[in-house]
Structure formats: C-alpha cells, structure tokens
$ cat model.txt   # compact mmCIF, C-alpha atoms and all ligand atoms
# COMPACT_ATOMS: atom_id res chain seq x y z
CA MET W 1 -61.16 -106.40 115.01
CA ALA W 2 -63.67 -107.57 112.47
CA LYS W 3 -62.25 -109.37 109.48
CA GLU W 4 -62.60 -107.30 106.33
CA ILE W 5 -64.92 -108.85 103.83
CA VAL W 6 -64.03 -108.72 100.17
CA PRO W 7 -67.25 -108.72 98.13
CA PRO W 8 -67.15 -111.69 95.78
CA ASP W 9 -67.27 -111.14 92.03
CA CYS W 10 -69.88 -113.07 90.09
CA GLN W 11 -68.20 -116.22 88.77
CA TYR W 12 -70.30 -116.06 85.58
CA CYS W 13 -69.78 -112.44 84.44
CA ASN W 14 -66.91 -111.31 86.72
CA GLN W 15 -68.88 -108.23 87.78
CA PRO W 16 -69.03 -107.05 91.40
CA THR W 17 -71.97 -108.40 93.39
CA LYS W 18 -74.32 -106.67 95.82
CA LEU W 19 -75.20 -107.65 99.36
CA LEU W 20 -78.97 -108.00 99.55
CA THR W 21 -81.44 -109.08 102.18
CA GLY W 22 -83.62 -112.09 101.42
CA LYS W 23 -86.52 -109.66 101.12
CA GLU W 24 -84.70 -107.70 98.39
CA LEU W 25 -83.56 -110.85 96.63
CA TYR W 26 -86.80 -112.81 96.65
CA GLY W 27 -89.26 -109.93 96.91
CA SER W 28 -91.13 -111.90 99.55
CA ASP W 29 -90.81 -112.94 103.17
CA PHE W 30 -88.88 -116.06 102.15
CA LYS W 31 -85.54 -115.95 104.02
CA LYS W 32 -86.21 -112.26 104.65
CA THR W 33 -83.77 -112.01 107.57
CA LYS W 34 -80.89 -113.67 105.69
CA PHE W 35 -78.27 -111.94 103.54
CA PHE W 36 -77.02 -112.85 100.08
CA TRP W 37 -74.36 -111.76 97.61
CA ALA W 38 -76.23 -111.48 94.34
CA CYS W 39 -75.69 -110.77 90.67
CA LYS W 40 -79.08 -109.79 89.31
CA PRO W 41 -78.27 -110.04 85.55
CA CYS W 42 -77.01 -113.62 86.02
CA LYS W 43 -79.68 -114.57 88.57
CA ALA W 44 -76.86 -115.96 90.68
CA HIS W 45 -76.38 -115.67 94.42
CA VAL W 46 -74.78 -117.16 97.50
CA GLY W 47 -75.65 -116.85 101.16
CA ALA W 48 -73.71 -114.53 103.46
CA GLU W 49 -72.97 -115.15 107.14
CA ASN W 50 -74.67 -111.92 108.27
CA SER W 51 -75.07 -108.26 107.29
CA MET W 52 -71.26 -107.93 107.31
CA GLY W 53 -71.35 -110.53 104.63
CA GLN W 54 -68.73 -113.29 104.72
CA PRO W 55 -69.85 -115.26 101.63
CA LYS W 56 -70.62 -118.94 102.23
CA GLY W 57 -69.16 -119.97 98.89
CA THR W 58 -69.17 -118.87 95.28
CA LEU W 59 -72.20 -117.45 93.49
CA ALA W 60 -74.44 -120.04 91.91
CA LYS W 61 -77.24 -120.04 89.38
CA LYS W 62 -80.33 -122.13 90.02
CA PRO W 63 -79.09 -125.52 88.68
CA LEU W 64 -75.90 -125.30 90.73
CA ARG W 65 -77.80 -124.21 93.84
CA LYS W 66 -79.99 -127.27 93.39
CA LEU W 67 -76.97 -129.56 93.09
CA ARG W 68 -75.36 -128.06 96.19
CA ARG W 69 -78.58 -128.57 98.13
CA GLU W 70 -78.65 -132.17 96.95
CA CYS W 71 -75.10 -132.64 98.23
CA HIS W 72 -76.17 -131.35 101.64
CA HIS W 73 -79.21 -133.59 101.57
CA HIS W 74 -77.00 -136.67 101.18
CA PHE W 75 -74.27 -135.44 103.51
CA ASP W 76 -76.13 -133.93 106.45
CA ARG W 77 -78.01 -137.07 107.44
CA HIS W 78 -74.74 -138.65 108.58
CA TRP W 79 -73.44 -136.21 111.20
CA HIS W 80 -74.68 -134.55 114.38
CA ASN W 81 -71.76 -132.43 115.56
CA ASN W 82 -68.73 -130.59 114.19
CA GLU W 83 -66.30 -133.40 114.88
CA GLU W 84 -68.40 -135.92 112.96
CA ARG W 85 -68.97 -133.43 110.17
CA ASN W 86 -65.25 -132.73 109.78
CA LYS W 87 -64.49 -136.45 109.68
CA LEU W 88 -67.11 -136.94 107.02
CA TYR W 89 -65.81 -134.04 104.91
CA LYS W 90 -62.33 -135.55 105.18
CA ARG W 91 -63.63 -138.93 104.05
CA LEU W 92 -65.46 -137.41 101.09
CA ALA W 93 -62.40 -135.33 100.12
CA ASN W 94 -60.28 -138.48 100.14
CA LYS W 95 -62.82 -140.36 98.04
CA MET W 96 -62.84 -137.49 95.53
CA GLY W 97 -59.07 -137.61 95.35
CA TYR W 98 -58.32 -134.28 97.03
CA GLY W 99 -55.18 -133.96 99.06
CA TYR W 100 -56.78 -131.35 101.27
CA THR W 101 -59.81 -131.70 103.48
CA ASN W 102 -61.33 -128.25 103.77
CA ILE W 103 -63.88 -128.89 101.07
CA HIS W 104 -67.25 -127.21 101.24
CA PHE W 105 -70.23 -127.68 98.96
CA GLY W 106 -70.63 -123.89 98.73
CA PHE W 107 -67.48 -123.78 96.61
CA PHE W 108 -68.27 -126.80 94.44
CA HIS W 109 -69.04 -126.48 90.73
CA GLU W 110 -71.49 -128.72 88.90
CA LEU W 111 -69.10 -131.60 88.17
CA GLN W 112 -67.81 -131.71 91.72
CA CYS W 113 -71.38 -131.82 93.02
CA ALA W 114 -72.24 -134.64 90.61
CA GLU W 115 -69.20 -136.63 91.66
CA ALA W 116 -69.91 -136.10 95.37
CA ILE W 117 -73.52 -137.19 94.90
CA LEU W 118 -72.44 -140.34 93.04
CA ILE W 119 -70.09 -141.21 95.91
CA MET W 120 -72.68 -140.49 98.59
CA GLU W 121 -75.30 -142.65 96.85
CA THR W 122 -73.09 -145.74 96.88
CA LYS W 123 -73.89 -148.59 99.21
CA SER W 124 -70.41 -148.52 100.70
CA TRP W 125 -70.70 -144.84 101.66
CA ILE W 126 -74.07 -145.36 103.33
CA GLU W 127 -73.10 -148.61 105.05
CA TYR W 128 -69.84 -147.14 106.34
CA ASN W 129 -71.74 -144.26 107.93
CA GLU W 130 -74.34 -146.59 109.40
CA ARG W 131 -71.62 -148.77 110.93
CA ASN W 132 -69.82 -145.77 112.39
CA LYS W 133 -72.87 -144.06 113.75
CA PRO W 134 -72.36 -143.23 117.44
CA ALA W 135 -74.36 -145.50 119.77
CA LYS W 136 -76.52 -142.61 120.99
CA TRP W 137 -78.12 -142.38 117.53
CA GLN W 138 -79.28 -145.95 117.54
CA LEU W 139 -82.83 -146.70 118.58
ZN ZN W 201 -73.07 -112.22 86.96
$ encode --input "model.txt" --output "structure tokens"
Amino acid sequence: MAKEIVPPDCQYCNQPTKLLTGKELYGSDFKKTKFFWACKPCKAHVGAENSMGQPKGTLAKKPLRKLRRECHHHFDRHWHNNEERNKLYKRLANKMGYGYTNIHFGFFHELQCAEAILIMETKSWIEYNERNKPAKWQL
C-alpha cells in the first residue's frame, strides 16, 4: 500500500502548500518533469519525490535553497554509493554535535547550512575524505 503523503505546510507562513510540476512552478521547461511543494506568496518550495509527492525536505526560499545546494556541492564530491554517503552523513552529524545521524540538507535551516559548509571547507574534512577514498577512485 502506498504511504500516505501529508502535504507540508509552508515553514514561513504556515499555510498549506500546493504540489506543482516544474512547468507550473518555473513557467518554463526547466525541471518540467519534476514535482515541487510550493507556497507562491512566499516564493518558497521544495522538491517532491514524484507526482505522489513525498517532500524532500522543508520549503525553502531562494537564499536557503542556495545554501542547501552549496552543502551538496561540498558533500557530494566525497561519495559514490549509499554506504559511503551514509558514513559521510554520520561523520558530518558527529562533527555538528548531533546525537543522531539521519541528517539531510533538505531539512537544514540557514545556520545549519552555514555550519556544515564551514566544517566541509576545513582542511581536515577534505584530507580525511581524500585519505579514505576507496582505491578504485584513485587514478
Ligand atoms: Zn508561505
């Protein structure tokens, strides 16, 4: 049985959001086959898994979307499969002082993004990931 999806409320105005296609959201062919939960008045949105719409996080306005993308930019260069990704999330969660490991950038707010970026820009973070890179990655 399909899991029931609860439409997310907008985290800025607390109003219900609407599931839109990329075409409806952007008014162009950009991401036209994707789906988004959107709050038009706030200009906030978040991606959905598919037309059924499991949200991939909380709604975000443009500056937060940019910060989340930046987090992924720093993070995604250091893993190639789910196991490596989970390990890396766990390491970042520990560095940020969280006792749990199921963190996801889609749920981060601005300060959490900023902190994660600061951690991921440090020499020790980068060097650790270089050292622990599986042999198959090396040239
Ligand atoms: Zn809103």
$ residues_around --input "model.txt" --residues "stretch 62-67 of chain W" --least-positions-apart "5" --cutoff "7 Å" --atoms "all atoms listed in the file" --output "number ranges by chain"
W: 109-110, 113
$ closest_atom_pairs --input "model.txt" --of "chain W" --to "ligand ZN 201 (chain W)" --cutoff "6 Å" --atoms "all atoms listed in the file" --output "CSV"
residue,atom,partner,partner_atom,distance
W:Cys10,CA,W:ZN201,ZN,4.5
W:Tyr12,CA,W:ZN201,ZN,4.9
W:Cys13,CA,W:ZN201,ZN,4.2
W:Gln15,CA,W:ZN201,ZN,5.8
W:Cys39,CA,W:ZN201,ZN,4.8
W:Pro41,CA,W:ZN201,ZN,5.8
W:Cys42,CA,W:ZN201,ZN,4.3
$ residues_around --input "model.txt" --residues "W:Asn50" --least-positions-apart "3" --cutoff "8 Å" --atoms "all atoms listed in the file" --output "MDAnalysis selection string"
chainID W and resid 34:35 53:54
$ residues_around --input "model.txt" --residues "W:Ala48" --least-positions-apart "5" --cutoff "12 Å" --atoms "only C-alpha atoms" --output "PyMOL selection string"
chain W and resi 5-8+17-22+31+33-38+53-59+106
$ atom_distance --input "model.txt" --atom1 "atom CA of W:Glu24" --atom2 "atom CA of W:Phe108"
25.5 Å
$ closest_residue --input "model.txt" --among "W:Met120, W:Lys90, W:Asn14, W:Asp29" --to "W:His73" --atoms "all atoms listed in the file"
W:Met120
$ closest_residue --input "model.txt" --among "W:Asn129, W:Lys32, W:Lys61, W:Leu118" --to "W:Arg91" --atoms "only C-alpha atoms"
W:Asn129
$ build_atoms --input "model.txt" --residues "stretch 73-103 of chain W" --atoms "N, CA and C atoms" --output "PDB file, in the frame of the given file"
ATOM      1  N   HIS W  73     -78.167-132.615 101.242  1.00  0.00           N
ATOM      2  CA  HIS W  73     -79.210-133.590 101.570  1.00  0.00           C
ATOM      3  C   HIS W  73     -78.594-134.963 101.840  1.00  0.00           C
ATOM      4  N   HIS W  74     -77.658-135.378 100.988  1.00  0.00           N
ATOM      5  CA  HIS W  74     -77.000-136.670 101.180  1.00  0.00           C
ATOM      6  C   HIS W  74     -76.043-136.654 102.362  1.00  0.00           C
ATOM      7  N   PHE W  75     -75.359-135.532 102.537  1.00  0.00           N
ATOM      8  CA  PHE W  75     -74.270-135.440 103.510  1.00  0.00           C
ATOM      9  C   PHE W  75     -74.782-135.262 104.942  1.00  0.00           C
ATOM     10  N   ASP W  76     -75.759-134.379 105.102  1.00  0.00           N
ATOM     11  CA  ASP W  76     -76.130-133.930 106.450  1.00  0.00           C
ATOM     12  C   ASP W  76     -76.869-134.970 107.287  1.00  0.00           C
ATOM     13  N   ARG W  77     -77.325-136.036 106.667  1.00  0.00           N
ATOM     14  CA  ARG W  77     -78.010-137.070 107.440  1.00  0.00           C
ATOM     15  C   ARG W  77     -77.030-137.931 108.238  1.00  0.00           C
ATOM     16  N   HIS W  78     -75.736-137.761 107.970  1.00  0.00           N
ATOM     17  CA  HIS W  78     -74.740-138.650 108.580  1.00  0.00           C
ATOM     18  C   HIS W  78     -73.885-138.004 109.664  1.00  0.00           C
ATOM     19  N   TRP W  79     -74.231-136.802 110.102  1.00  0.00           N
ATOM     20  CA  TRP W  79     -73.440-136.210 111.200  1.00  0.00           C
ATOM     21  C   TRP W  79     -74.356-135.429 112.116  1.00  0.00           C
ATOM     22  N   HIS W  80     -73.911-135.313 113.397  1.00  0.00           N
ATOM     23  CA  HIS W  80     -74.680-134.550 114.380  1.00  0.00           C
ATOM     24  C   HIS W  80     -73.880-133.498 115.120  1.00  0.00           C
ATOM     25  N   ASN W  81     -72.556-133.489 114.925  1.00  0.00           N
ATOM     26  CA  ASN W  81     -71.760-132.430 115.560  1.00  0.00           C
ATOM     27  C   ASN W  81     -70.554-132.106 114.677  1.00  0.00           C
ATOM     28  N   ASN W  82     -69.823-131.071 115.040  1.00  0.00           N
ATOM     29  CA  ASN W  82     -68.730-130.590 114.190  1.00  0.00           C
ATOM     30  C   ASN W  82     -67.650-131.634 113.956  1.00  0.00           C
ATOM     31  N   GLU W  83     -67.351-132.403 115.006  1.00  0.00           N
ATOM     32  CA  GLU W  83     -66.300-133.400 114.880  1.00  0.00           C
ATOM     33  C   GLU W  83     -66.695-134.449 113.823  1.00  0.00           C
ATOM     34  N   GLU W  84     -67.927-134.921 113.927  1.00  0.00           N
ATOM     35  CA  GLU W  84     -68.400-135.920 112.960  1.00  0.00           C
ATOM     36  C   GLU W  84     -68.462-135.329 111.545  1.00  0.00           C
ATOM     37  N   ARG W  85     -68.878-134.074 111.477  1.00  0.00           N
ATOM     38  CA  ARG W  85     -68.970-133.430 110.170  1.00  0.00           C
ATOM     39  C   ARG W  85     -67.595-133.303 109.523  1.00  0.00           C
ATOM     40  N   ASN W  86     -66.608-132.876 110.321  1.00  0.00           N
ATOM     41  CA  ASN W  86     -65.250-132.730 109.780  1.00  0.00           C
ATOM     42  C   ASN W  86     -64.690-134.056 109.301  1.00  0.00           C
ATOM     43  N   LYS W  87     -64.945-135.118 110.074  1.00  0.00           N
ATOM     44  CA  LYS W  87     -64.490-136.450 109.680  1.00  0.00           C
ATOM     45  C   LYS W  87     -65.104-136.858 108.349  1.00  0.00           C
ATOM     46  N   LEU W  88     -66.387-136.552 108.222  1.00  0.00           N
ATOM     47  CA  LEU W  88     -67.110-136.940 107.020  1.00  0.00           C
ATOM     48  C   LEU W  88     -66.630-136.144 105.797  1.00  0.00           C
ATOM     49  N   TYR W  89     -66.350-134.849 106.001  1.00  0.00           N
ATOM     50  CA  TYR W  89     -65.810-134.040 104.910  1.00  0.00           C
ATOM     51  C   TYR W  89     -64.449-134.602 104.468  1.00  0.00           C
ATOM     52  N   LYS W  90     -63.660-135.012 105.460  1.00  0.00           N
ATOM     53  CA  LYS W  90     -62.330-135.550 105.180  1.00  0.00           C
ATOM     54  C   LYS W  90     -62.469-136.845 104.361  1.00  0.00           C
ATOM     55  N   ARG W  91     -63.416-137.669 104.747  1.00  0.00           N
ATOM     56  CA  ARG W  91     -63.630-138.930 104.050  1.00  0.00           C
ATOM     57  C   ARG W  91     -64.074-138.680 102.602  1.00  0.00           C
ATOM     58  N   LEU W  92     -64.987-137.732 102.435  1.00  0.00           N
ATOM     59  CA  LEU W  92     -65.460-137.410 101.090  1.00  0.00           C
ATOM     60  C   LEU W  92     -64.331-136.823 100.243  1.00  0.00           C
ATOM     61  N   ALA W  93     -63.543-135.936 100.849  1.00  0.00           N
ATOM     62  CA  ALA W  93     -62.400-135.330 100.120  1.00  0.00           C
ATOM     63  C   ALA W  93     -61.454-136.418  99.651  1.00  0.00           C
ATOM     64  N   ASN W  94     -61.177-137.383 100.515  1.00  0.00           N
ATOM     65  CA  ASN W  94     -60.280-138.480 100.140  1.00  0.00           C
ATOM     66  C   ASN W  94     -60.864-139.293  98.999  1.00  0.00           C
ATOM     67  N   LYS W  95     -62.161-139.581  99.095  1.00  0.00           N
ATOM     68  CA  LYS W  95     -62.820-140.360  98.040  1.00  0.00           C
ATOM     69  C   LYS W  95     -62.793-139.627  96.707  1.00  0.00           C
ATOM     70  N   MET W  96     -62.846-138.284  96.760  1.00  0.00           N
ATOM     71  CA  MET W  96     -62.840-137.490  95.530  1.00  0.00           C
ATOM     72  C   MET W  96     -61.421-137.237  95.032  1.00  0.00           C
ATOM     73  N   GLY W  97     -60.453-137.718  95.804  1.00  0.00           N
ATOM     74  CA  GLY W  97     -59.070-137.610  95.350  1.00  0.00           C
ATOM     75  C   GLY W  97     -58.403-136.289  95.673  1.00  0.00           C
ATOM     76  N   TYR W  98     -58.940-135.537  96.649  1.00  0.00           N
ATOM     77  CA  TYR W  98     -58.320-134.280  97.030  1.00  0.00           C
ATOM     78  C   TYR W  98     -57.325-134.504  98.146  1.00  0.00           C
ATOM     79  N   GLY W  99     -56.203-133.833  98.038  1.00  0.00           N
ATOM     80  CA  GLY W  99     -55.180-133.960  99.060  1.00  0.00           C
ATOM     81  C   GLY W  99     -55.466-133.069 100.258  1.00  0.00           C
ATOM     82  N   TYR W 100     -56.438-132.222 100.149  1.00  0.00           N
ATOM     83  CA  TYR W 100     -56.780-131.350 101.270  1.00  0.00           C
ATOM     84  C   TYR W 100     -58.194-131.705 101.738  1.00  0.00           C
ATOM     85  N   THR W 101     -58.543-131.239 102.913  1.00  0.00           N
ATOM     86  CA  THR W 101     -59.810-131.700 103.480  1.00  0.00           C
ATOM     87  C   THR W 101     -60.799-130.579 103.755  1.00  0.00           C
ATOM     88  N   ASN W 102     -60.407-129.333 103.464  1.00  0.00           N
ATOM     89  CA  ASN W 102     -61.330-128.250 103.770  1.00  0.00           C
ATOM     90  C   ASN W 102     -62.288-127.989 102.612  1.00  0.00           C
ATOM     91  N   ILE W 103     -62.913-129.051 102.144  1.00  0.00           N
ATOM     92  CA  ILE W 103     -63.880-128.890 101.070  1.00  0.00           C
ATOM     93  C   ILE W 103     -65.194-128.362 101.653  1.00  0.00           C
TER      94      ILE W 103
END
